[in-house]
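> Sharing protein-v2.txt, compact mmCIF, N, CA and C atoms:
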# COMPACT_ATOMS: atom_id res chain seq x y z
N MET E 4 4.07 1.83 -89.25
CA MET E 4 4.44 3.17 -88.85
C MET E 4 4.46 4.04 -90.10
N ARG E 5 3.69 5.12 -90.09
CA ARG E 5 3.65 6.01 -91.24
C ARG E 5 3.74 7.47 -90.78
N PHE E 6 4.86 8.07 -91.13
CA PHE E 6 5.06 9.49 -90.87
C PHE E 6 4.66 10.24 -92.13
N LEU E 7 3.75 11.18 -92.01
CA LEU E 7 3.28 11.94 -93.16
C LEU E 7 3.26 13.42 -92.84
N GLY E 8 3.48 14.24 -93.84
CA GLY E 8 3.37 15.68 -93.68
C GLY E 8 4.70 16.38 -93.62
N SER E 9 4.60 17.69 -93.56
CA SER E 9 5.76 18.58 -93.56
C SER E 9 5.54 19.64 -92.50
N ILE E 10 6.49 19.80 -91.58
CA ILE E 10 6.34 20.73 -90.47
C ILE E 10 7.60 21.55 -90.32
N ASP E 11 7.45 22.87 -90.29
CA ASP E 11 8.57 23.77 -90.09
C ASP E 11 8.81 23.96 -88.59
N ALA E 12 10.08 24.11 -88.22
CA ALA E 12 10.44 24.28 -86.82
C ALA E 12 11.74 25.07 -86.72
N LYS E 13 12.11 25.40 -85.50
CA LYS E 13 13.36 26.11 -85.23
C LYS E 13 14.18 25.30 -84.22
N LEU E 14 15.49 25.38 -84.36
CA LEU E 14 16.39 24.80 -83.38
C LEU E 14 16.64 25.83 -82.29
N ASP E 15 16.89 25.36 -81.07
CA ASP E 15 17.27 26.31 -80.03
C ASP E 15 18.77 26.56 -80.13
N ALA E 16 19.30 27.38 -79.24
CA ALA E 16 20.71 27.78 -79.30
C ALA E 16 21.67 26.60 -79.11
N LYS E 17 21.20 25.53 -78.47
CA LYS E 17 22.04 24.35 -78.24
C LYS E 17 21.93 23.32 -79.36
N GLY E 18 21.12 23.61 -80.38
CA GLY E 18 20.97 22.66 -81.49
C GLY E 18 19.91 21.61 -81.23
N ARG E 19 18.99 21.91 -80.31
CA ARG E 19 17.91 20.97 -80.02
C ARG E 19 16.67 21.35 -80.83
N ALA E 20 15.90 20.32 -81.17
CA ALA E 20 14.64 20.53 -81.89
C ALA E 20 13.55 19.74 -81.19
N PHE E 21 12.32 20.24 -81.28
CA PHE E 21 11.17 19.49 -80.82
C PHE E 21 10.75 18.57 -81.95
N LEU E 22 10.65 17.28 -81.69
CA LEU E 22 10.08 16.38 -82.68
C LEU E 22 8.60 16.73 -82.75
N PRO E 23 8.09 17.06 -83.94
CA PRO E 23 6.68 17.46 -84.04
C PRO E 23 5.74 16.44 -83.37
N ALA E 24 4.72 16.96 -82.69
CA ALA E 24 3.80 16.12 -81.92
C ALA E 24 3.17 15.03 -82.77
N VAL E 25 2.83 15.34 -84.00
CA VAL E 25 2.21 14.34 -84.86
C VAL E 25 3.15 13.15 -85.08
N PHE E 26 4.44 13.39 -85.18
CA PHE E 26 5.41 12.32 -85.35
C PHE E 26 5.64 11.57 -84.03
N ARG E 27 5.63 12.31 -82.90
CA ARG E 27 5.77 11.66 -81.60
C ARG E 27 4.62 10.69 -81.36
N LYS E 28 3.41 11.07 -81.77
CA LYS E 28 2.25 10.20 -81.59
C LYS E 28 2.39 8.92 -82.39
N VAL E 29 2.95 9.01 -83.60
CA VAL E 29 3.18 7.80 -84.40
C VAL E 29 4.18 6.89 -83.70
N LEU E 30 5.26 7.47 -83.18
CA LEU E 30 6.26 6.67 -82.46
C LEU E 30 5.65 5.99 -81.23
N GLN E 31 4.89 6.77 -80.47
CA GLN E 31 4.28 6.22 -79.26
C GLN E 31 3.28 5.12 -79.61
N GLY E 32 2.51 5.32 -80.67
CA GLY E 32 1.54 4.32 -81.10
C GLY E 32 2.19 3.01 -81.50
N ALA E 33 3.42 3.10 -82.00
CA ALA E 33 4.17 1.90 -82.42
C ALA E 33 5.00 1.33 -81.27
N GLY E 34 4.96 1.99 -80.11
CA GLY E 34 5.74 1.52 -78.97
C GLY E 34 7.23 1.72 -79.15
N CYS E 35 7.61 2.68 -79.96
CA CYS E 35 9.03 2.93 -80.25
C CYS E 35 9.53 4.11 -79.42
N GLU E 36 10.60 3.89 -78.70
CA GLU E 36 11.17 4.95 -77.88
C GLU E 36 12.51 5.44 -78.39
N SER E 37 13.20 4.62 -79.16
CA SER E 37 14.55 4.96 -79.62
C SER E 37 14.56 5.23 -81.11
N MET E 38 15.43 6.15 -81.51
CA MET E 38 15.61 6.46 -82.92
C MET E 38 17.10 6.55 -83.21
N VAL E 39 17.40 6.55 -84.51
CA VAL E 39 18.77 6.67 -84.99
C VAL E 39 18.75 7.75 -86.07
N MET E 40 19.80 8.57 -86.10
CA MET E 40 19.89 9.64 -87.10
C MET E 40 21.19 9.50 -87.87
N ARG E 41 21.11 9.75 -89.17
CA ARG E 41 22.32 9.80 -90.00
C ARG E 41 22.01 10.73 -91.17
N LYS E 42 23.06 11.20 -91.83
CA LYS E 42 22.88 11.99 -93.04
C LYS E 42 22.37 11.07 -94.13
N ASP E 43 21.45 11.58 -94.93
CA ASP E 43 20.93 10.80 -96.05
C ASP E 43 22.07 10.49 -97.02
N VAL E 44 22.01 9.34 -97.67
CA VAL E 44 23.08 8.95 -98.60
C VAL E 44 22.96 9.64 -99.95
N PHE E 45 21.79 10.25 -100.25
CA PHE E 45 21.59 10.89 -101.55
C PHE E 45 21.41 12.41 -101.47
N GLN E 46 20.77 12.89 -100.44
CA GLN E 46 20.38 14.30 -100.35
C GLN E 46 21.05 14.98 -99.15
N PRO E 47 21.12 16.32 -99.18
CA PRO E 47 21.70 17.05 -98.04
C PRO E 47 20.69 17.25 -96.91
N CYS E 48 20.28 16.14 -96.30
CA CYS E 48 19.35 16.20 -95.18
C CYS E 48 19.72 15.11 -94.19
N LEU E 49 19.10 15.17 -93.01
CA LEU E 49 19.29 14.14 -92.00
C LEU E 49 18.05 13.25 -92.01
N VAL E 50 18.23 11.99 -91.64
CA VAL E 50 17.12 11.05 -91.60
C VAL E 50 17.02 10.46 -90.21
N LEU E 51 15.81 10.52 -89.64
CA LEU E 51 15.52 9.87 -88.37
C LEU E 51 14.86 8.54 -88.66
N TYR E 52 15.44 7.47 -88.15
CA TYR E 52 14.91 6.13 -88.30
C TYR E 52 14.40 5.66 -86.95
N PRO E 53 13.15 5.23 -86.82
CA PRO E 53 12.79 4.52 -85.59
C PRO E 53 13.73 3.31 -85.47
N GLU E 54 14.07 2.93 -84.27
CA GLU E 54 15.06 1.88 -84.09
C GLU E 54 14.70 0.61 -84.84
N SER E 55 13.43 0.24 -84.85
CA SER E 55 13.03 -0.99 -85.56
C SER E 55 13.28 -0.87 -87.06
N VAL E 56 13.03 0.30 -87.63
CA VAL E 56 13.27 0.51 -89.07
C VAL E 56 14.77 0.49 -89.34
N TRP E 57 15.55 1.13 -88.48
CA TRP E 57 17.01 1.13 -88.64
C TRP E 57 17.54 -0.30 -88.61
N ASN E 58 17.06 -1.09 -87.66
CA ASN E 58 17.53 -2.47 -87.55
C ASN E 58 17.19 -3.27 -88.81
N GLU E 59 16.02 -3.04 -89.39
CA GLU E 59 15.65 -3.71 -90.64
C GLU E 59 16.59 -3.29 -91.77
N GLN E 60 16.92 -2.01 -91.84
CA GLN E 60 17.84 -1.51 -92.86
C GLN E 60 19.23 -2.13 -92.70
N MET E 61 19.68 -2.18 -91.45
CA MET E 61 21.00 -2.76 -91.17
C MET E 61 21.02 -4.24 -91.55
N ASP E 62 19.98 -4.96 -91.17
CA ASP E 62 19.93 -6.39 -91.48
C ASP E 62 19.88 -6.62 -92.98
N SER E 63 19.10 -5.80 -93.68
CA SER E 63 18.99 -5.94 -95.13
C SER E 63 20.33 -5.69 -95.82
N LEU E 64 21.00 -4.60 -95.42
CA LEU E 64 22.29 -4.27 -96.02
C LEU E 64 23.33 -5.34 -95.67
N ARG E 65 23.39 -5.72 -94.42
CA ARG E 65 24.39 -6.71 -93.98
C ARG E 65 24.20 -8.03 -94.72
N SER E 66 22.94 -8.44 -94.96
CA SER E 66 22.69 -9.72 -95.63
C SER E 66 23.14 -9.72 -97.09
N ARG E 67 23.31 -8.53 -97.66
CA ARG E 67 23.73 -8.42 -99.06
C ARG E 67 25.23 -8.23 -99.21
N LEU E 68 25.91 -8.00 -98.10
CA LEU E 68 27.34 -7.73 -98.14
C LEU E 68 28.13 -8.85 -97.45
N SER E 69 29.27 -9.14 -98.00
CA SER E 69 30.14 -10.17 -97.42
C SER E 69 31.08 -9.53 -96.40
N ARG E 70 31.20 -10.16 -95.27
CA ARG E 70 32.16 -9.72 -94.26
C ARG E 70 33.59 -9.99 -94.71
N TRP E 71 33.75 -10.81 -95.74
CA TRP E 71 35.07 -11.22 -96.20
C TRP E 71 35.49 -10.52 -97.48
N ASP E 72 34.73 -9.49 -97.85
CA ASP E 72 35.10 -8.67 -99.00
C ASP E 72 35.47 -7.29 -98.47
N ARG E 73 36.72 -6.91 -98.71
CA ARG E 73 37.23 -5.64 -98.15
C ARG E 73 36.38 -4.44 -98.55
N GLY E 74 36.01 -4.34 -99.83
CA GLY E 74 35.22 -3.21 -100.30
C GLY E 74 33.83 -3.18 -99.69
N GLU E 75 33.21 -4.33 -99.59
CA GLU E 75 31.87 -4.40 -99.01
C GLU E 75 31.89 -4.12 -97.52
N GLN E 76 32.94 -4.56 -96.85
CA GLN E 76 33.08 -4.26 -95.42
C GLN E 76 33.27 -2.75 -95.22
N GLN E 77 34.05 -2.12 -96.09
CA GLN E 77 34.26 -0.67 -96.01
C GLN E 77 32.95 0.08 -96.29
N LEU E 78 32.18 -0.38 -97.24
CA LEU E 78 30.89 0.23 -97.54
C LEU E 78 29.98 0.17 -96.32
N PHE E 79 29.89 -0.98 -95.70
CA PHE E 79 29.06 -1.13 -94.51
C PHE E 79 29.55 -0.22 -93.39
N ARG E 80 30.85 -0.16 -93.21
CA ARG E 80 31.45 0.70 -92.18
C ARG E 80 31.09 2.16 -92.41
N ARG E 81 31.20 2.61 -93.66
CA ARG E 81 30.86 4.00 -93.98
C ARG E 81 29.39 4.27 -93.70
N PHE E 82 28.53 3.30 -93.95
CA PHE E 82 27.10 3.48 -93.73
C PHE E 82 26.77 3.63 -92.24
N VAL E 83 27.41 2.84 -91.39
CA VAL E 83 27.06 2.84 -89.97
C VAL E 83 27.91 3.80 -89.12
N ALA E 84 29.03 4.26 -89.64
CA ALA E 84 29.95 5.06 -88.83
C ALA E 84 29.39 6.42 -88.44
N GLU E 85 28.56 7.00 -89.25
CA GLU E 85 28.07 8.36 -88.99
C GLU E 85 26.73 8.40 -88.25
N VAL E 86 26.33 7.30 -87.68
CA VAL E 86 25.04 7.19 -87.01
C VAL E 86 25.08 7.84 -85.63
N GLU E 87 23.98 8.50 -85.28
CA GLU E 87 23.83 9.09 -83.95
C GLU E 87 22.57 8.53 -83.31
N PRO E 88 22.67 7.96 -82.11
CA PRO E 88 21.44 7.56 -81.41
C PRO E 88 20.68 8.81 -80.99
N VAL E 89 19.37 8.74 -81.02
CA VAL E 89 18.53 9.89 -80.68
C VAL E 89 17.60 9.51 -79.54
N ALA E 90 17.60 10.32 -78.50
CA ALA E 90 16.69 10.13 -77.38
C ALA E 90 15.92 11.43 -77.16
N LEU E 91 14.63 11.32 -77.01
CA LEU E 91 13.81 12.49 -76.73
C LEU E 91 13.82 12.76 -75.23
N ASP E 92 13.91 14.04 -74.86
CA ASP E 92 13.81 14.37 -73.45
C ASP E 92 12.33 14.42 -73.06
N GLY E 93 12.04 14.77 -71.84
CA GLY E 93 10.66 14.81 -71.35
C GLY E 93 9.75 15.77 -72.09
N ASN E 94 10.36 16.74 -72.78
CA ASN E 94 9.58 17.72 -73.54
C ASN E 94 9.47 17.38 -75.02
N GLY E 95 10.05 16.25 -75.43
CA GLY E 95 9.99 15.86 -76.84
C GLY E 95 11.09 16.46 -77.69
N ARG E 96 12.13 16.98 -77.02
CA ARG E 96 13.26 17.56 -77.75
C ARG E 96 14.37 16.54 -77.91
N PHE E 97 15.20 16.76 -78.93
CA PHE E 97 16.41 15.95 -79.12
C PHE E 97 17.50 16.85 -79.65
N LEU E 98 18.74 16.46 -79.36
CA LEU E 98 19.91 17.22 -79.77
C LEU E 98 20.38 16.75 -81.13
N ILE E 99 20.64 17.70 -82.02
CA ILE E 99 21.27 17.38 -83.30
C ILE E 99 22.72 17.83 -83.20
N PRO E 100 23.66 16.89 -83.21
CA PRO E 100 25.07 17.27 -83.06
C PRO E 100 25.52 18.25 -84.15
N LYS E 101 26.47 19.10 -83.78
CA LYS E 101 26.97 20.12 -84.71
C LYS E 101 27.49 19.50 -86.00
N ARG E 102 28.14 18.35 -85.90
CA ARG E 102 28.65 17.66 -87.08
C ARG E 102 27.50 17.34 -88.05
N CYS E 103 26.38 16.88 -87.52
CA CYS E 103 25.22 16.54 -88.36
C CYS E 103 24.61 17.80 -88.97
N LEU E 104 24.52 18.86 -88.18
CA LEU E 104 23.99 20.12 -88.70
C LEU E 104 24.83 20.61 -89.87
N ALA E 105 26.14 20.52 -89.73
CA ALA E 105 27.04 20.95 -90.80
C ALA E 105 26.88 20.08 -92.04
N GLN E 106 26.76 18.76 -91.86
CA GLN E 106 26.61 17.85 -92.99
C GLN E 106 25.37 18.18 -93.82
N ALA E 107 24.30 18.61 -93.15
CA ALA E 107 23.05 18.89 -93.85
C ALA E 107 22.86 20.37 -94.16
N GLY E 108 23.82 21.21 -93.79
CA GLY E 108 23.71 22.64 -94.06
C GLY E 108 22.58 23.31 -93.29
N ILE E 109 22.33 22.83 -92.08
CA ILE E 109 21.24 23.36 -91.25
C ILE E 109 21.77 24.41 -90.29
N ASP E 110 21.06 25.56 -90.23
CA ASP E 110 21.40 26.61 -89.28
C ASP E 110 20.40 26.61 -88.12
N ALA E 111 19.30 27.30 -88.29
CA ALA E 111 18.32 27.40 -87.20
C ALA E 111 16.93 26.93 -87.60
N ASP E 112 16.55 27.19 -88.84
CA ASP E 112 15.22 26.82 -89.30
C ASP E 112 15.28 25.48 -90.02
N VAL E 113 14.38 24.58 -89.64
CA VAL E 113 14.36 23.25 -90.22
C VAL E 113 12.96 22.90 -90.71
N ARG E 114 12.91 21.90 -91.54
CA ARG E 114 11.64 21.33 -91.99
C ARG E 114 11.71 19.82 -91.78
N PHE E 115 10.74 19.31 -91.04
CA PHE E 115 10.58 17.87 -90.85
C PHE E 115 9.64 17.38 -91.94
N ILE E 116 10.02 16.31 -92.62
CA ILE E 116 9.17 15.74 -93.67
C ILE E 116 8.99 14.25 -93.36
N GLY E 117 7.73 13.86 -93.20
CA GLY E 117 7.41 12.46 -92.99
C GLY E 117 7.55 11.70 -94.29
N MET E 118 8.36 10.66 -94.27
CA MET E 118 8.64 9.88 -95.48
C MET E 118 8.19 8.43 -95.32
N GLY E 119 7.05 8.24 -94.70
CA GLY E 119 6.56 6.89 -94.48
C GLY E 119 7.14 6.31 -93.22
N ASP E 120 8.21 5.53 -93.33
CA ASP E 120 8.78 4.89 -92.15
C ASP E 120 9.98 5.65 -91.58
N THR E 121 10.32 6.80 -92.17
CA THR E 121 11.40 7.64 -91.65
C THR E 121 10.95 9.10 -91.66
N ILE E 122 11.76 9.95 -91.02
CA ILE E 122 11.51 11.39 -90.99
C ILE E 122 12.78 12.08 -91.48
N GLU E 123 12.63 12.94 -92.47
CA GLU E 123 13.77 13.73 -92.94
C GLU E 123 13.79 15.08 -92.23
N ILE E 124 15.00 15.59 -92.00
CA ILE E 124 15.18 16.93 -91.43
C ILE E 124 16.02 17.72 -92.42
N TRP E 125 15.43 18.78 -92.95
CA TRP E 125 16.07 19.61 -93.96
C TRP E 125 16.31 21.01 -93.41
N ALA E 126 17.30 21.70 -93.96
CA ALA E 126 17.42 23.14 -93.73
C ALA E 126 16.20 23.77 -94.40
N ALA E 127 15.52 24.65 -93.69
CA ALA E 127 14.33 25.29 -94.25
C ALA E 127 14.70 25.94 -95.58
N GLY E 128 13.90 25.72 -96.59
CA GLY E 128 14.16 26.29 -97.91
C GLY E 128 15.00 25.41 -98.80
N ALA E 129 15.71 24.43 -98.24
CA ALA E 129 16.58 23.59 -99.06
C ALA E 129 15.83 22.45 -99.74
N CYS E 130 14.64 22.17 -99.29
CA CYS E 130 13.90 21.01 -99.82
C CYS E 130 12.76 21.45 -100.72
N GLN E 131 12.89 22.58 -101.35
CA GLN E 131 11.83 23.06 -102.23
C GLN E 131 11.64 22.12 -103.40
N SER E 132 10.39 21.95 -103.80
CA SER E 132 10.07 21.10 -104.94
C SER E 132 10.71 21.68 -106.19
N SER E 133 11.21 20.79 -107.04
CA SER E 133 11.90 21.26 -108.25
C SER E 133 10.99 21.23 -109.47
N GLY E 134 9.71 21.12 -109.27
CA GLY E 134 8.79 21.10 -110.40
C GLY E 134 7.37 21.36 -109.94
N ASP E 135 6.45 21.46 -110.89
CA ASP E 135 5.07 21.66 -110.50
C ASP E 135 4.36 20.31 -110.41
N ASP E 136 3.09 20.34 -110.01
CA ASP E 136 2.35 19.09 -109.85
C ASP E 136 2.19 18.34 -111.16
N GLY E 137 2.17 19.05 -112.28
CA GLY E 137 2.10 18.38 -113.58
C GLY E 137 3.32 17.51 -113.81
N ASP E 138 4.50 18.04 -113.46
CA ASP E 138 5.73 17.26 -113.58
C ASP E 138 5.68 16.02 -112.69
N LEU E 139 5.15 16.18 -111.48
CA LEU E 139 5.04 15.05 -110.56
C LEU E 139 4.12 13.99 -111.17
N GLY E 140 3.00 14.41 -111.71
CA GLY E 140 2.08 13.47 -112.33
C GLY E 140 2.71 12.72 -113.48
N GLU E 141 3.45 13.44 -114.31
CA GLU E 141 4.11 12.80 -115.45
C GLU E 141 5.18 11.81 -114.98
N GLU E 142 5.95 12.19 -113.97
CA GLU E 142 6.99 11.30 -113.45
C GLU E 142 6.39 10.03 -112.86
N LEU E 143 5.29 10.19 -112.10
CA LEU E 143 4.63 9.02 -111.53
C LEU E 143 4.04 8.14 -112.63
N GLN E 144 3.49 8.78 -113.64
CA GLN E 144 2.92 8.02 -114.74
C GLN E 144 3.99 7.17 -115.43
N LYS E 145 5.15 7.75 -115.67
CA LYS E 145 6.25 7.00 -116.29
C LYS E 145 6.74 5.87 -115.39
N LEU E 146 6.91 6.19 -114.13
CA LEU E 146 7.40 5.20 -113.17
C LEU E 146 6.46 4.01 -113.06
N LEU E 147 5.18 4.29 -113.03
CA LEU E 147 4.19 3.23 -112.85
C LEU E 147 3.70 2.65 -114.18
N ASN E 148 4.25 3.15 -115.30
CA ASN E 148 3.88 2.67 -116.64
C ASN E 148 2.39 2.77 -116.89
N ILE E 149 1.80 3.86 -116.49
CA ILE E 149 0.38 4.07 -116.69
C ILE E 149 0.17 4.87 -117.97
N GLY E 150 -0.68 4.37 -118.85
CA GLY E 150 -1.03 5.10 -120.05
C GLY E 150 -0.05 4.91 -121.18
N PHE E 151 0.87 3.96 -121.07
CA PHE E 151 1.83 3.74 -122.14
C PHE E 151 1.54 2.43 -122.84
When written as structure tokens, how does the structure in this file appear?


Amino acid sequence: MRFLGSIDAKLDAKGRAFLPAVFRKVLQGAGCESMVMRKDVFQPCLVLYPESVWNEQMDSLRSRLSRWDRGEQQLFRRFVAEVEPVALDGNGRFLIPKRCLAQAGIDADVRFIGMGDTIEIWAAGACQSSGDDGDLGEELQKLLNIGF
């Protein structure tokens, strides 16, 4: 499953958004009907996980944490407590709860960004690139140890 691209959209008065058609096609192609949404742990955005991806994340995290360690149990609890199940209606819309909108600072205009196996939902304008393409090239070069 690969979600790619960036699509601007608007929420309706009830806080519903249309999942962009290109992303719906990826979900349908993978046979995925259910998704999970939570606030990103690093950035002020929401993340949509196809259920299979969410389950892999949960299994990976759970396998690294002890159920018998108070701090690790609390960490796991914090990670899963803010999750919202997401169901698309017949028109491809889904509701973003007010609590989630507030967490991500989203009003009416949003940007969906395909991040490979997940989809981020940002307040429009909040996800602007913080550098030019030259900076991106240099960062990738350092990360991948190319040319050093």

> Contacts of Gly95 (chain E) at 6.5 Å or less, counting only N, CA and C atoms, minus same-chain residues fewer than 4 places along, as a VMD selection string?

chain E and resid 20 to 22 91

> Please compute the atom N of Val56 (chain E)-atom N of Ala16 (chain E) distance, one decimal, in Å.

29.0 Å

> Between E:Glu87, E:Glu54, E:Ala127, E:Leu147, which is the closest to Ala12 (chain E) once you count only C-alpha atoms?

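Going through E:Glu87, E:Glu54, E:Ala127, E:Leu147 one by one, the smallest distance to Ala12 (chain E) is for E:Ala127.
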
> Could you check the closest approach to Ser9 (chain E) for each of E:Arg102, E:Arg67, E:Arg114, E:Lys28 and tell me which residue wins, using only N, CA and C atoms?

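Closest candidate: E:Arg114.
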
> Between CA of Cys48 (chain E) and CA of Glu141 (chain E), what is the distance, to one decimal in Å?

25.6 Å

> What does the distance between CA of Gly74 (chain E) and CA of Ser55 (chain E) come to in Å, to one decimal place?

26.7 Å

> Among region 8-118 of chain E, which residues carry a DSSP assignment of helix (DSSP H, G or I), reported as number ranges by chain?

E: 24-32, 54-67, 73-84, 101-107

> My list of candidates is E:Arg41, E:Lys13, E:Arg65, E:Arg5. Which is closest to Val113 (chain E) when distances are computed with only N, CA and C atoms?

E:Lys13

> Which neighbours of Tyr52 (chain E) fall inside 10 Å, counting only C-alpha atoms, when residues of the same chain fewer than 6 positions from it are skipped, and could you give them as a list of chain:residue names?

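My reading of the contact set: E:Ser37, E:Met38, E:Val39, E:Met40, E:Arg41, E:Asn58, E:Gln60, E:Pro88, E:Val89, E:Asp120, E:Thr121, E:Ile122, E:Glu123.
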
> Could you go through region 49-82 of chain E and tell me which residues DSSP, when run on the backbone, assigns to strand (DSSP E or B), listing them as a list in words?

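These are the residues in question: Leu49, Val50, Leu51, Tyr52 and Pro53 of chain E.
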
> Any chance you could build region 73-93 of chain E out to N, CA, C and O atoms and write it as a short mmCIF file (atom, residue, chain, number, x, y, z; two decimals), keeping the file's coordinate frame?


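Saved file part-v7.cif follows:
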data_model
loop_
_atom_site.label_atom_id
_atom_site.label_comp_id
_atom_site.auth_asym_id
_atom_site.auth_seq_id
_atom_site.Cartn_x
_atom_site.Cartn_y
_atom_site.Cartn_z
N ARG E 73 36.72 -6.91 -98.71
CA ARG E 73 37.23 -5.64 -98.15
C ARG E 73 36.38 -4.44 -98.55
O ARG E 73 36.03 -3.61 -97.71
N GLY E 74 36.01 -4.34 -99.83
CA GLY E 74 35.22 -3.21 -100.30
C GLY E 74 33.83 -3.18 -99.69
O GLY E 74 33.32 -2.12 -99.32
N GLU E 75 33.21 -4.33 -99.59
CA GLU E 75 31.87 -4.40 -99.01
C GLU E 75 31.89 -4.12 -97.52
O GLU E 75 30.99 -3.47 -96.98
N GLN E 76 32.94 -4.56 -96.85
CA GLN E 76 33.08 -4.26 -95.42
C GLN E 76 33.27 -2.75 -95.22
O GLN E 76 32.72 -2.16 -94.30
N GLN E 77 34.05 -2.12 -96.09
CA GLN E 77 34.26 -0.67 -96.01
C GLN E 77 32.95 0.08 -96.29
O GLN E 77 32.66 1.06 -95.62
N LEU E 78 32.18 -0.38 -97.24
CA LEU E 78 30.89 0.23 -97.54
C LEU E 78 29.98 0.17 -96.32
O LEU E 78 29.37 1.18 -95.94
N PHE E 79 29.89 -0.98 -95.70
CA PHE E 79 29.06 -1.13 -94.51
C PHE E 79 29.55 -0.22 -93.39
O PHE E 79 28.76 0.45 -92.73
N ARG E 80 30.85 -0.16 -93.21
CA ARG E 80 31.45 0.70 -92.18
C ARG E 80 31.09 2.16 -92.41
O ARG E 80 30.71 2.88 -91.48
N ARG E 81 31.20 2.61 -93.66
CA ARG E 81 30.86 4.00 -93.98
C ARG E 81 29.39 4.27 -93.70
O ARG E 81 29.03 5.36 -93.26
N PHE E 82 28.53 3.30 -93.95
CA PHE E 82 27.10 3.48 -93.73
C PHE E 82 26.77 3.63 -92.24
O PHE E 82 25.97 4.47 -91.86
N VAL E 83 27.41 2.84 -91.39
CA VAL E 83 27.06 2.84 -89.97
C VAL E 83 27.91 3.80 -89.12
O VAL E 83 27.52 4.14 -88.00
N ALA E 84 29.03 4.26 -89.64
CA ALA E 84 29.95 5.06 -88.83
C ALA E 84 29.39 6.42 -88.44
O ALA E 84 29.73 6.94 -87.38
N GLU E 85 28.56 7.00 -89.25
CA GLU E 85 28.07 8.36 -88.99
C GLU E 85 26.73 8.40 -88.25
O GLU E 85 26.08 9.43 -88.21
N VAL E 86 26.33 7.30 -87.68
CA VAL E 86 25.04 7.19 -87.01
C VAL E 86 25.08 7.84 -85.63
O VAL E 86 26.07 7.74 -84.92
N GLU E 87 23.98 8.50 -85.28
CA GLU E 87 23.83 9.09 -83.95
C GLU E 87 22.57 8.53 -83.31
O GLU E 87 21.50 8.60 -83.89
N PRO E 88 22.67 7.96 -82.11
CA PRO E 88 21.44 7.56 -81.41
C PRO E 88 20.68 8.81 -80.99
O PRO E 88 21.29 9.84 -80.67
N VAL E 89 19.37 8.74 -81.02
CA VAL E 89 18.53 9.89 -80.68
C VAL E 89 17.60 9.51 -79.54
O VAL E 89 16.90 8.49 -79.62
N ALA E 90 17.60 10.32 -78.50
CA ALA E 90 16.69 10.13 -77.38
C ALA E 90 15.92 11.43 -77.16
O ALA E 90 16.52 12.51 -77.17
N LEU E 91 14.63 11.32 -77.01
CA LEU E 91 13.81 12.49 -76.73
C LEU E 91 13.82 12.76 -75.23
O LEU E 91 13.76 11.82 -74.43
N ASP E 92 13.91 14.04 -74.86
CA ASP E 92 13.81 14.37 -73.45
C ASP E 92 12.33 14.42 -73.06
O ASP E 92 11.45 14.15 -73.88
N GLY E 93 12.04 14.77 -71.84
CA GLY E 93 10.66 14.81 -71.35
C GLY E 93 9.75 15.77 -72.09
O GLY E 93 8.53 15.65 -72.06
#
